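Next up, data-v6.cif (mmCIF, C-alpha atoms):
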```cif
data_work
#
loop_
_atom_site.group_PDB
_atom_site.id
_atom_site.type_symbol
_atom_site.label_atom_id
_atom_site.label_comp_id
_atom_site.auth_asym_id
_atom_site.auth_seq_id
_atom_site.Cartn_x
_atom_site.Cartn_y
_atom_site.Cartn_z
ATOM 1 C CA MET A 1 129.704 41.456 121.353
ATOM 2 C CA PRO A 2 127.927 39.947 124.382
ATOM 3 C CA GLN A 3 124.428 38.623 123.906
ATOM 4 C CA MET A 4 121.562 40.425 125.615
ATOM 5 C CA THR A 5 119.821 38.607 128.416
ATOM 6 C CA VAL A 6 116.105 38.081 128.980
ATOM 7 C CA LEU A 7 116.146 40.766 131.699
ATOM 8 C CA GLU A 8 117.826 43.307 129.405
ATOM 9 C CA ILE A 9 115.294 42.662 126.638
ATOM 10 C CA LEU A 10 112.443 42.899 129.128
ATOM 11 C CA ASN A 11 113.644 46.292 130.377
ATOM 12 C CA ARG A 12 114.218 47.608 126.849
ATOM 13 C CA THR A 13 110.779 46.419 125.728
ATOM 14 C CA LYS A 14 109.106 48.019 128.761
ATOM 15 C CA ALA A 15 110.839 51.344 128.032
ATOM 16 C CA PHE A 16 109.824 51.156 124.358
ATOM 17 C CA PHE A 17 106.191 50.478 125.286
ATOM 18 C CA GLU A 18 106.206 53.392 127.745
ATOM 19 C CA LYS A 19 107.401 55.678 124.964
ATOM 20 C CA LYS A 20 104.592 54.406 122.709
ATOM 21 C CA GLY A 21 101.900 54.955 125.341
ATOM 22 C CA VAL A 22 101.044 51.276 125.871
ATOM 23 C CA PRO A 23 98.782 51.222 128.959
ATOM 24 C CA ASP A 24 100.507 48.351 130.868
ATOM 25 C CA PRO A 25 104.069 48.407 129.523
ATOM 26 C CA LEU A 26 105.686 45.947 131.932
ATOM 27 C CA LEU A 27 102.832 43.448 131.884
ATOM 28 C CA ASP A 28 102.589 43.510 128.095
ATOM 29 C CA ALA A 29 106.353 43.167 127.749
ATOM 30 C CA GLN A 30 106.228 40.092 129.972
ATOM 31 C CA TYR A 31 103.394 38.543 127.976
ATOM 32 C CA ILE A 32 104.984 39.172 124.589
ATOM 33 C CA ILE A 33 108.463 37.994 125.514
ATOM 34 C CA SER A 34 107.225 34.839 127.264
ATOM 35 C CA HIS A 35 104.942 34.146 124.273
ATOM 36 C CA GLY A 36 107.692 34.745 121.720
ATOM 37 C CA LEU A 37 110.145 32.520 123.618
ATOM 38 C CA LYS A 38 107.466 29.818 124.025
ATOM 39 C CA MET A 39 107.624 29.867 127.791
ATOM 40 C CA LYS A 40 104.759 28.256 129.703
ATOM 41 C CA ASN A 41 103.887 31.461 131.555
ATOM 42 C CA ARG A 42 105.204 34.858 132.568
ATOM 43 C CA MET A 43 106.781 33.478 135.737
ATOM 44 C CA ASP A 44 109.287 31.561 133.615
ATOM 45 C CA LEU A 45 110.812 34.921 132.706
ATOM 46 C CA TYR A 46 111.963 35.385 136.283
ATOM 47 C CA LEU A 47 113.643 31.979 136.233
ATOM 48 C CA ASN A 48 115.519 32.887 133.052
ATOM 49 C CA PHE A 49 116.558 36.517 133.603
ATOM 50 C CA GLU A 50 120.238 35.773 132.995
ATOM 51 C CA LYS A 51 119.650 33.613 129.928
ATOM 52 C CA PRO A 52 121.353 35.062 126.827
ATOM 53 C CA LEU A 53 119.119 35.362 123.786
ATOM 54 C CA THR A 54 120.237 34.009 120.447
ATOM 55 C CA PRO A 55 119.971 36.085 117.245
ATOM 56 C CA ALA A 56 117.153 33.769 116.111
ATOM 57 C CA GLU A 57 115.192 34.467 119.324
ATOM 58 C CA LEU A 58 115.675 38.206 118.893
ATOM 59 C CA ASP A 59 114.399 37.939 115.317
ATOM 60 C CA ILE A 60 111.215 36.334 116.670
ATOM 61 C CA LEU A 61 110.686 39.009 119.324
ATOM 62 C CA ARG A 62 111.333 42.141 117.233
ATOM 63 C CA PRO A 63 108.182 42.019 115.056
ATOM 64 C CA LEU A 64 105.995 41.103 118.054
ATOM 65 C CA VAL A 65 107.302 44.067 120.026
ATOM 66 C CA ALA A 66 106.888 46.352 117.010
ATOM 67 C CA ARG A 67 103.253 45.296 116.591
ATOM 68 C CA ARG A 68 102.443 46.108 120.212
ATOM 69 C CA GLY A 69 104.321 49.392 119.884
ATOM 70 C CA ASN A 70 101.936 50.170 117.011
ATOM 71 C CA ARG A 71 99.169 49.591 119.595
ATOM 72 C CA GLU A 72 97.899 46.389 118.015
ATOM 73 C CA PRO A 73 96.013 44.600 120.810
ATOM 74 C CA LEU A 74 98.010 42.146 122.865
ATOM 75 C CA GLN A 75 95.298 39.516 122.315
ATOM 76 C CA HIS A 76 95.717 39.718 118.533
ATOM 77 C CA ILE A 77 99.478 39.305 118.824
ATOM 78 C CA ILE A 78 99.302 36.362 121.202
ATOM 79 C CA GLY A 79 96.257 35.024 119.375
ATOM 80 C CA ASP A 80 93.844 34.408 122.221
ATOM 81 C CA THR A 81 92.489 35.516 125.576
ATOM 82 C CA SER A 82 90.883 33.886 128.596
ATOM 83 C CA PHE A 83 87.156 34.338 129.225
ATOM 84 C CA ARG A 84 85.962 32.676 132.424
ATOM 85 C CA GLY A 85 88.883 30.269 132.035
ATOM 86 C CA PHE A 86 88.027 29.274 128.460
ATOM 87 C CA VAL A 87 90.601 29.981 125.746
ATOM 88 C CA ILE A 88 89.056 32.266 123.124
ATOM 89 C CA LYS A 89 90.840 32.896 119.832
ATOM 90 C CA CYS A 90 91.029 36.610 119.000
ATOM 91 C CA ASP A 91 91.668 38.379 115.722
ATOM 92 C CA PRO A 92 90.295 41.407 113.819
ATOM 93 C CA ARG A 93 87.110 39.565 112.845
ATOM 94 C CA ALA A 94 85.403 40.344 116.153
ATOM 95 C CA LEU A 95 85.575 42.457 119.283
ATOM 96 C CA ILE A 96 87.987 41.157 121.920
ATOM 97 C CA PRO A 97 85.928 39.878 124.875
ATOM 98 C CA ARG A 98 86.523 42.014 127.956
ATOM 99 C CA PRO A 99 86.835 40.616 131.498
ATOM 100 C CA GLU A 100 83.980 42.875 132.657
ATOM 101 C CA THR A 101 81.613 41.116 130.266
ATOM 102 C CA GLU A 102 82.056 37.868 132.206
ATOM 103 C CA SER A 103 79.441 39.167 134.660
ATOM 104 C CA LEU A 104 76.750 38.590 132.012
ATOM 105 C CA VAL A 105 77.260 34.850 132.389
ATOM 106 C CA ASP A 106 76.798 35.043 136.160
ATOM 107 C CA MET A 107 73.627 37.065 135.630
ATOM 108 C CA ALA A 108 72.324 34.464 133.172
ATOM 109 C CA LYS A 109 73.035 31.629 135.606
ATOM 110 C CA ASP A 110 71.123 33.448 138.343
ATOM 111 C CA ALA A 111 68.215 34.218 136.022
ATOM 112 C CA LEU A 112 67.884 30.587 134.916
ATOM 113 C CA LYS A 113 67.918 28.916 138.323
ATOM 114 C CA GLY A 114 65.100 26.393 138.556
ATOM 115 C CA ILE A 115 64.446 26.298 134.794
ATOM 116 C CA GLU A 116 65.043 22.892 133.238
ATOM 117 C CA ASN A 117 66.746 22.764 129.834
ATOM 118 C CA PRO A 118 66.581 26.540 129.336
ATOM 119 C CA PHE A 119 66.754 28.092 125.875
ATOM 120 C CA VAL A 120 69.292 30.927 125.726
ATOM 121 C CA VAL A 121 69.794 33.251 122.771
ATOM 122 C CA GLU A 122 72.842 35.477 122.451
ATOM 123 C CA ILE A 123 72.629 38.286 119.912
ATOM 124 C CA GLY A 124 75.872 39.629 118.438
ATOM 125 C CA THR A 125 78.055 36.758 119.615
ATOM 126 C CA GLY A 126 81.347 38.013 118.131
ATOM 127 C CA THR A 127 84.049 35.559 119.241
ATOM 128 C CA GLY A 128 81.366 33.344 120.791
ATOM 129 C CA ALA A 129 82.811 33.805 124.283
ATOM 130 C CA ILE A 130 79.510 34.414 126.116
ATOM 131 C CA ALA A 131 77.698 31.601 124.314
ATOM 132 C CA ILE A 132 80.564 29.203 124.998
ATOM 133 C CA ALA A 133 80.630 30.067 128.708
ATOM 134 C CA CYS A 134 76.849 29.642 128.985
ATOM 135 C CA ALA A 135 76.963 26.297 127.165
ATOM 136 C CA LYS A 136 79.742 25.090 129.446
ATOM 137 C CA GLU A 137 78.406 26.384 132.755
ATOM 138 C CA ILE A 138 74.595 26.100 132.637
ATOM 139 C CA GLU A 139 73.277 22.561 133.013
ATOM 140 C CA GLY A 140 70.972 21.354 130.247
ATOM 141 C CA VAL A 141 71.064 24.653 128.389
ATOM 142 C CA LYS A 142 70.328 25.009 124.676
ATOM 143 C CA VAL A 143 72.168 27.982 123.177
ATOM 144 C CA LEU A 144 71.602 29.787 119.896
ATOM 145 C CA ALA A 145 74.221 32.438 119.115
ATOM 146 C CA THR A 146 73.716 34.938 116.298
ATOM 147 C CA ASP A 147 75.645 37.629 114.500
ATOM 148 C CA ILE A 148 75.200 39.759 111.392
ATOM 149 C CA SER A 149 78.866 39.297 110.436
ATOM 150 C CA ASP A 150 80.004 36.227 108.492
ATOM 151 C CA ASP A 151 83.553 36.819 109.719
ATOM 152 C CA ALA A 152 82.486 36.912 113.370
ATOM 153 C CA LEU A 153 80.391 33.765 113.000
ATOM 154 C CA ALA A 154 83.330 31.934 111.413
ATOM 155 C CA LEU A 155 85.522 32.912 114.378
ATOM 156 C CA ALA A 156 82.813 31.938 116.874
ATOM 157 C CA ARG A 157 82.482 28.509 115.251
ATOM 158 C CA GLU A 158 86.253 28.028 115.467
ATOM 159 C CA ASN A 159 86.122 28.872 119.172
ATOM 160 C CA ALA A 160 83.173 26.563 119.762
ATOM 161 C CA GLN A 161 85.063 23.708 118.116
ATOM 162 C CA ALA A 162 88.236 24.448 120.100
ATOM 163 C CA ASN A 163 86.180 24.303 123.303
ATOM 164 C CA GLY A 164 84.503 21.024 122.394
ATOM 165 C CA LEU A 165 81.114 22.513 121.512
ATOM 166 C CA ASP A 166 80.988 22.171 117.729
ATOM 167 C CA ASP A 167 78.137 19.639 117.988
ATOM 168 C CA THR A 168 76.107 21.360 120.727
ATOM 169 C CA LEU A 169 76.399 25.121 120.206
ATOM 170 C CA ASN A 170 74.271 26.476 117.362
ATOM 171 C CA PHE A 171 74.792 29.620 115.296
ATOM 172 C CA ALA A 172 72.628 31.674 112.951
ATOM 173 C CA LYS A 173 73.275 34.724 110.809
ATOM 174 C CA GLY A 174 70.951 37.696 110.814
ATOM 175 C CA ASP A 175 70.090 41.159 112.072
ATOM 176 C CA LEU A 176 69.252 40.898 115.791
ATOM 177 C CA LEU A 177 66.177 38.694 116.422
ATOM 178 C CA ASP A 178 65.575 38.295 112.675
ATOM 179 C CA ALA A 179 68.211 35.560 112.927
ATOM 180 C CA VAL A 180 66.074 33.567 115.382
ATOM 181 C CA THR A 181 63.995 31.812 112.739
ATOM 182 C CA VAL A 182 61.817 28.722 113.102
ATOM 183 C CA GLU A 183 64.567 26.604 111.571
ATOM 184 C CA ALA A 184 67.237 28.065 113.857
ATOM 185 C CA ILE A 185 65.087 27.365 116.926
ATOM 186 C CA LYS A 186 64.395 23.799 115.808
ATOM 187 C CA LYS A 187 68.095 23.148 115.304
ATOM 188 C CA ALA A 188 69.121 24.700 118.620
ATOM 189 C CA THR A 189 66.459 23.038 120.757
ATOM 190 C CA GLY A 190 66.307 19.690 118.996
ATOM 191 C CA ASP A 191 62.589 20.196 118.301
ATOM 192 C CA VAL A 192 62.926 18.764 114.810
ATOM 193 C CA PHE A 193 59.377 17.405 114.632
ATOM 194 C CA GLY A 194 57.567 20.227 116.433
ATOM 195 C CA GLU A 195 56.436 23.635 115.320
ATOM 196 C CA ALA A 196 59.328 25.413 117.029
ATOM 197 C CA SER A 197 56.985 27.158 119.429
ATOM 198 C CA THR A 198 59.866 27.337 121.930
ATOM 199 C CA LYS A 199 60.284 30.782 123.423
ATOM 200 C CA ILE A 200 63.412 32.312 124.866
ATOM 201 C CA ASP A 201 64.210 31.864 128.572
ATOM 202 C CA CYS A 202 67.145 34.283 128.567
ATOM 203 C CA LEU A 203 68.234 36.779 125.915
ATOM 204 C CA ILE A 204 71.792 38.083 126.196
ATOM 205 C CA ALA A 205 73.374 40.817 124.085
ATOM 206 C CA ASN A 206 76.543 42.859 124.147
ATOM 207 C CA LEU A 207 75.654 45.076 121.209
ATOM 208 C CA PRO A 208 77.560 48.082 119.851
ATOM 209 C CA TYR A 209 76.769 50.939 122.266
ATOM 210 C CA ILE A 210 79.431 53.594 121.666
ATOM 211 C CA PRO A 211 77.978 56.859 120.302
ATOM 212 C CA ASP A 212 79.016 57.615 116.722
ATOM 213 C CA GLY A 213 80.593 60.885 117.874
ATOM 214 C CA GLU A 214 83.296 58.921 119.713
ATOM 215 C CA LYS A 215 84.826 57.663 116.458
ATOM 216 C CA GLY A 216 88.503 58.520 116.380
ATOM 217 C CA LYS A 217 88.581 59.295 120.119
ATOM 218 C CA LEU A 218 89.009 55.794 121.498
ATOM 219 C CA GLN A 219 92.245 54.045 122.450
ATOM 220 C CA PRO A 220 94.218 53.016 119.331
ATOM 221 C CA GLU A 221 93.784 49.341 120.248
ATOM 222 C CA VAL A 222 90.027 49.803 119.806
ATOM 223 C CA ASP A 223 89.885 52.532 117.174
ATOM 224 C CA LYS A 224 92.382 50.948 114.776
ATOM 225 C CA PHE A 225 91.875 47.233 115.305
ATOM 226 C CA ASP A 226 88.352 46.401 116.552
ATOM 227 C CA PRO A 227 85.689 46.125 113.814
ATOM 228 C CA ALA A 228 83.581 49.303 113.670
ATOM 229 C CA LEU A 229 80.492 47.128 113.175
ATOM 230 C CA ALA A 230 80.960 45.898 116.757
ATOM 231 C CA LEU A 231 81.509 49.321 118.313
ATOM 232 C CA TYR A 232 79.174 52.106 117.240
ATOM 233 C CA GLY A 233 75.448 52.268 117.928
ATOM 234 C CA GLY A 234 74.149 55.543 116.506
ATOM 235 C CA PRO A 235 73.966 59.116 117.851
ATOM 236 C CA ASP A 236 73.633 58.104 121.525
ATOM 237 C CA GLY A 237 74.874 54.540 121.091
ATOM 238 C CA LEU A 238 71.518 52.894 121.757
ATOM 239 C CA ASP A 239 70.010 52.416 118.292
ATOM 240 C CA LEU A 240 70.572 48.662 118.194
ATOM 241 C CA VAL A 241 69.568 48.167 121.830
ATOM 242 C CA ARG A 242 66.225 49.888 121.187
ATOM 243 C CA LYS A 243 65.683 47.891 118.007
ATOM 244 C CA LEU A 244 66.359 44.620 119.811
ATOM 245 C CA LEU A 245 63.995 45.468 122.679
ATOM 246 C CA SER A 246 61.256 46.361 120.217
ATOM 247 C CA GLN A 247 61.611 42.920 118.586
ATOM 248 C CA THR A 248 61.141 40.907 121.788
ATOM 249 C CA GLU A 249 57.341 41.104 122.014
ATOM 250 C CA GLY A 250 55.919 37.583 121.868
ATOM 251 C CA LYS A 251 59.380 35.973 121.680
ATOM 252 C CA MET A 252 60.012 35.487 125.421
ATOM 253 C CA ASN A 253 58.578 33.117 127.994
ATOM 254 C CA THR A 254 56.785 34.834 130.879
ATOM 255 C CA GLY A 255 59.415 35.781 133.447
ATOM 256 C CA ALA A 256 62.261 35.376 130.958
ATOM 257 C CA SER A 257 65.226 37.705 131.363
ATOM 258 C CA ILE A 258 66.898 40.101 128.954
ATOM 259 C CA LEU A 259 70.472 40.960 129.907
ATOM 260 C CA LEU A 260 72.267 43.754 128.055
ATOM 261 C CA GLU A 261 75.720 45.268 128.310
ATOM 262 C CA ILE A 262 75.673 49.053 127.926
ATOM 263 C CA GLY A 263 77.755 52.165 128.527
ATOM 264 C CA SER A 264 77.909 53.443 132.106
ATOM 265 C CA GLU A 265 75.885 56.581 131.278
ATOM 266 C CA GLN A 266 73.096 54.784 129.404
ATOM 267 C CA ALA A 267 71.191 52.962 132.154
ATOM 268 C CA ASP A 268 69.027 55.941 133.140
ATOM 269 C CA VAL A 269 68.069 56.546 129.507
ATOM 270 C CA LEU A 270 66.899 52.961 129.097
ATOM 271 C CA LYS A 271 65.059 53.020 132.419
ATOM 272 C CA ASN A 272 63.218 56.175 131.361
ATOM 273 C CA GLU A 273 62.281 54.580 128.032
ATOM 274 C CA ALA A 274 61.028 51.310 129.564
ATOM 275 C CA ALA A 275 57.370 52.294 128.971
ATOM 276 C CA ASN A 276 58.058 51.974 125.228
ATOM 277 C CA TYR A 277 58.114 48.185 125.738
ATOM 278 C CA PRO A 278 54.967 47.468 127.796
ATOM 279 C CA TRP A 279 55.484 43.695 127.518
ATOM 280 C CA LEU A 280 58.737 44.077 129.464
ATOM 281 C CA GLU A 281 59.588 45.173 133.002
ATOM 282 C CA PHE A 282 62.834 47.067 133.573
ATOM 283 C CA THR A 283 64.433 45.227 136.498
ATOM 284 C CA GLY A 284 67.593 47.185 137.131
ATOM 285 C CA ALA A 285 71.031 48.502 136.332
ATOM 286 C CA HIS A 286 73.952 46.346 137.421
ATOM 287 C CA LYS A 287 77.656 46.876 138.103
ATOM 288 C CA ASP A 288 80.643 44.955 136.792
ATOM 289 C CA TYR A 289 83.671 43.689 138.741
ATOM 290 C CA CYS A 290 85.141 47.205 138.632
ATOM 291 C CA ASP A 291 82.047 48.681 140.317
ATOM 292 C CA ASN A 292 80.948 50.489 137.151
ATOM 293 C CA ILE A 293 77.369 50.320 135.875
ATOM 294 C CA ARG A 294 77.639 48.157 132.768
ATOM 295 C CA PHE A 295 74.437 46.142 132.417
ATOM 296 C CA VAL A 296 70.652 46.506 132.443
ATOM 297 C CA SER A 297 68.065 43.772 132.812
ATOM 298 C CA TYR A 298 64.417 43.279 131.883
ATOM 299 C CA LYS A 299 61.825 40.576 132.529
ATOM 300 C CA ALA A 300 59.089 39.530 130.127
ATOM 301 C CA LYS A 301 55.583 39.961 131.526
#
```

Take the structure in the file and give it back as structure tokens.
Amino acid sequence: MPQMTVLEILNRTKAFFEKKGVPDPLLDAQYIISHGLKMKNRMDLYLNFEKPLTPAELDILRPLVARRGNREPLQHIIGDTSFRGFVIKCDPRALIPRPETESLVDMAKDALKGIENPFVVEIGTGTGAIAIACAKEIEGVKVLATDISDDALALARENAQANGLDDTLNFAKGDLLDAVTVEAIKKATGDVFGEASTKIDCLIANLPYIPDGEKGKLQPEVDKFDPALALYGGPDGLDLVRKLLSQTEGKMNTGASILLEIGSEQADVLKNEAANYPWLEFTGAHKDYCDNIRFVSYKAK
């Protein structure tokens, strides 16, 4: 019996993924097969279309293909994703960082122009992707990343270490700004002898913002495999966002920015509620790379 070639397996995998409703069947088939065969990149597939696959290679590919057919996220199967060019390990402990979220880092860089040694706090760090990108891309920055989940913080620390930041990126556990304690600030800023009077220059958060009523209605990759703790934010999705905003009084330097990722329909609600936080100024709704409203910003008065 002749052995199947790379091209034949690619076509069969694509057809199987189409039947299972995988959103990008060809692309995902390319990623999984090149990963399973330990190729450097997807382009190597095209250089090896006629290569026959051994039984051992097929045994490696079958469970990977089955997992994706069960709608397990591609990033969990491969084990990582790219976020602004940094390799971020992904597994069920935290939400997979989305490409659209990369815009938050650009917004932070713009907000911090002209500020020496800025102090940035990220709430709900998950994999640590945003904190890692900020630490790598913003000169002189001090970053404190927090999460309420021990599992997420463990993953974020692994990613910080893998990206060479285990000695410079600081983490703290807690509920929103409750995690930003005097001790956490001292550790993050190096103010070991002071009174940790340092205030935040930029607060970044990609909190759960999906309304509770959407449970069970999301794509299987999200509904079955992302942690619910990272997804749902109450009846209209904004419970945690409101709680965080209410905690910021007295914690921000004058002119400091708050940058939040939200759902596309939530910006007007937050704009209309801005008077609830008189120490803040609502400064706008912002679009992502796909031209969808995805962020809101505030400045501390």

Inset, instruction - May I have the protein, DNA and RNA residues with any atom at most 10 Å from the point (121.3, 37.1, 135.2), counting all atoms listed in the file, written as a PyMOL selection string? - result: chain A and resi 5-8+46-52

Legend entry - Nearest to Leu259 of chain A by atom-to-atom distance, counting all atoms listed in the file, from A:Leu155, A:Cys202, A:Leu176, A:Ile32: A:Cys202

Inset, instruction - Find the residues around Leu37 of chain A up to 9 Å (only C-alpha atoms counted), leave out those fewer than 4 positions away in its own chain, and share them as a list in words. - result: Ile32, Ile33, Glu57, Ile60 and Leu61 of chain A

Output file for the selection above: C-alpha atoms, as a tab-separated table (two decimals), in the coordinates of the input:
```
chain	number	residue	atom	x	y	z
A	32	ILE	CA	104.98	39.17	124.59
A	33	ILE	CA	108.46	37.99	125.51
A	57	GLU	CA	115.19	34.47	119.32
A	60	ILE	CA	111.22	36.33	116.67
A	61	LEU	CA	110.69	39.01	119.32
```

Inset, instruction - Find, counting only C-alpha atoms, the residue in A:Asn276, A:Thr127, A:Thr181, A:Ser257 that gets nearest to Arg157 of chain A. - result: A:Thr127

Inset, instruction - Can you turn the PyMOL selection byres ((chain A and resi 104-107) around 8) into a concrete residue list for this file, as a ChimeraX atom specification? - result: /A:101-103,108-111,130,133-134,204,259-261,295

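Coordinates place atom CA of Asp212 of chain A at a distance of 6.5 Å from atom CA of Gly233 of chain A.
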
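When all atoms listed in the file are used to measure the gap to Val269 of chain A, the shortest distance among A:Ala256, A:Met43, A:Leu238, A:Ala205 belongs to A:Leu238.
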
Name the residues in contact with Asp236 of chain A at a cut-off of 8 Å, using all atoms listed in the file, excluding same-chain residues fewer than 4 positions from it; report them as an mmCIF file with C-alpha atoms, keeping the file's coordinate frame.
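This is the output file around.cif:
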```cif
data_model
loop_
_atom_site.group_PDB
_atom_site.id
_atom_site.type_symbol
_atom_site.label_atom_id
_atom_site.label_comp_id
_atom_site.auth_asym_id
_atom_site.auth_seq_id
_atom_site.Cartn_x
_atom_site.Cartn_y
_atom_site.Cartn_z
ATOM 1 C CA TYR A 209 76.769 50.939 122.266
ATOM 2 C CA ILE A 210 79.431 53.594 121.666
ATOM 3 C CA PRO A 211 77.978 56.859 120.302
ATOM 4 C CA ASP A 212 79.016 57.615 116.722
#
```

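Closest approach to Thr189 of chain A among A:Lys224, A:Lys173, A:Arg84, A:Lys142 is made by A:Lys142 (distances from all atoms listed in the file).
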
Given the file shown, enumerate the residues that the PyMOL selection byres ((chain A and resi 258) around 12) captures and present them as a tab-separated table (two decimals) with C-alpha atoms, in the coordinates of the input.
```tsv
chain	number	residue	atom	x	y	z
A	104	LEU	CA	76.75	38.59	132.01
A	107	MET	CA	73.63	37.06	135.63
A	108	ALA	CA	72.32	34.46	133.17
A	111	ALA	CA	68.22	34.22	136.02
A	112	LEU	CA	67.88	30.59	134.92
A	120	VAL	CA	69.29	30.93	125.73
A	121	VAL	CA	69.79	33.25	122.77
A	122	GLU	CA	72.84	35.48	122.45
A	123	ILE	CA	72.63	38.29	119.91
A	200	ILE	CA	63.41	32.31	124.87
A	201	ASP	CA	64.21	31.86	128.57
A	202	CYS	CA	67.14	34.28	128.57
A	203	LEU	CA	68.23	36.78	125.92
A	204	ILE	CA	71.79	38.08	126.20
A	205	ALA	CA	73.37	40.82	124.08
A	206	ASN	CA	76.54	42.86	124.15
A	241	VAL	CA	69.57	48.17	121.83
A	244	LEU	CA	66.36	44.62	119.81
A	245	LEU	CA	64.00	45.47	122.68
A	247	GLN	CA	61.61	42.92	118.59
A	248	THR	CA	61.14	40.91	121.79
A	249	GLU	CA	57.34	41.10	122.01
A	251	LYS	CA	59.38	35.97	121.68
A	252	MET	CA	60.01	35.49	125.42
A	253	ASN	CA	58.58	33.12	127.99
A	254	THR	CA	56.78	34.83	130.88
A	255	GLY	CA	59.42	35.78	133.45
A	256	ALA	CA	62.26	35.38	130.96
A	257	SER	CA	65.23	37.70	131.36
A	259	LEU	CA	70.47	40.96	129.91
A	260	LEU	CA	72.27	43.75	128.06
A	261	GLU	CA	75.72	45.27	128.31
A	280	LEU	CA	58.74	44.08	129.46
A	281	GLU	CA	59.59	45.17	133.00
A	282	PHE	CA	62.83	47.07	133.57
A	283	THR	CA	64.43	45.23	136.50
A	284	GLY	CA	67.59	47.18	137.13
A	285	ALA	CA	71.03	48.50	136.33
A	295	PHE	CA	74.44	46.14	132.42
A	296	VAL	CA	70.65	46.51	132.44
A	297	SER	CA	68.06	43.77	132.81
A	298	TYR	CA	64.42	43.28	131.88
A	299	LYS	CA	61.82	40.58	132.53
A	300	ALA	CA	59.09	39.53	130.13
A	301	LYS	CA	55.58	39.96	131.53
```

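Residues with any atom within 10 Å of Pro208 of chain A, counting all atoms listed in the file and excluding same-chain neighbours fewer than 4 positions away, are Leu95, Gly124, Ala228, Leu229, Ala230, Leu231, Tyr232, Gly233, Gly234, Gly237, Leu238, Asp239, Leu240, Val241, Glu261, Ile262 and Gly263 of chain A.
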
For segment 244-252 of chain A, what centre and edge lengths in Å (one decimal) does the axis-aligned box get once 6 Å is added on each side of all its listed atoms, as AutoDock Vina command-line options?
```
--center_x 61.1 --center_y 40.9 --center_z 122.0 --size_x 22.4 --size_y 22.9 --size_z 18.8
```

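Going from atom CA of Pro25 of chain A over to atom CA of Gly128 of chain A, you cover 28.6 Å.
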
Inset, instruction - Write out as JSON, numbers by chain each polymer residue whose atoms come within 12 Å of Ala156 of chain A, counting only C-alpha atoms; drop sequence neighbours fewer than 3 positions from it. - result: {"A": [87, 88, 89, 90, 91, 93, 94, 95, 96, 97, 122, 124, 125, 126, 127, 128, 129, 130, 131, 132, 144, 145, 146, 147, 149, 150, 151, 152, 153, 159, 160, 161, 162, 163, 165, 166, 169, 170, 171, 172, 173]}

Return segment 25-36 of chain A, completed with N, CA and C atoms, as a tab-separated table (two decimals), in the coordinates of the input.
```
chain	number	residue	atom	x	y	z
A	25	PRO	N	102.84	48.74	130.26
A	25	PRO	CA	104.07	48.41	129.52
A	25	PRO	C	104.81	47.20	130.07
A	26	LEU	N	104.94	47.08	131.38
A	26	LEU	CA	105.69	45.95	131.93
A	26	LEU	C	104.92	44.64	131.72
A	27	LEU	N	103.64	44.66	132.03
A	27	LEU	CA	102.83	43.45	131.88
A	27	LEU	C	102.83	42.97	130.44
A	28	ASP	N	102.63	43.90	129.50
A	28	ASP	CA	102.59	43.51	128.10
A	28	ASP	C	103.94	43.02	127.61
A	29	ALA	N	105.02	43.64	128.11
A	29	ALA	CA	106.35	43.17	127.75
A	29	ALA	C	106.56	41.74	128.24
A	30	GLN	N	106.10	41.45	129.44
A	30	GLN	CA	106.23	40.09	129.97
A	30	GLN	C	105.46	39.09	129.12
A	31	TYR	N	104.22	39.45	128.77
A	31	TYR	CA	103.39	38.54	127.98
A	31	TYR	C	104.03	38.27	126.61
A	32	ILE	N	104.48	39.34	125.95
A	32	ILE	CA	104.98	39.17	124.59
A	32	ILE	C	106.30	38.40	124.57
A	33	ILE	N	107.18	38.69	125.51
A	33	ILE	CA	108.46	37.99	125.51
A	33	ILE	C	108.27	36.52	125.88
A	34	SER	N	107.45	36.25	126.89
A	34	SER	CA	107.22	34.84	127.26
A	34	SER	C	106.53	34.09	126.14
A	35	HIS	N	105.60	34.77	125.42
A	35	HIS	CA	104.94	34.15	124.27
A	35	HIS	C	105.94	33.88	123.15
A	36	GLY	N	106.74	34.89	122.81
A	36	GLY	CA	107.69	34.74	121.72
A	36	GLY	C	108.74	33.68	121.99
```
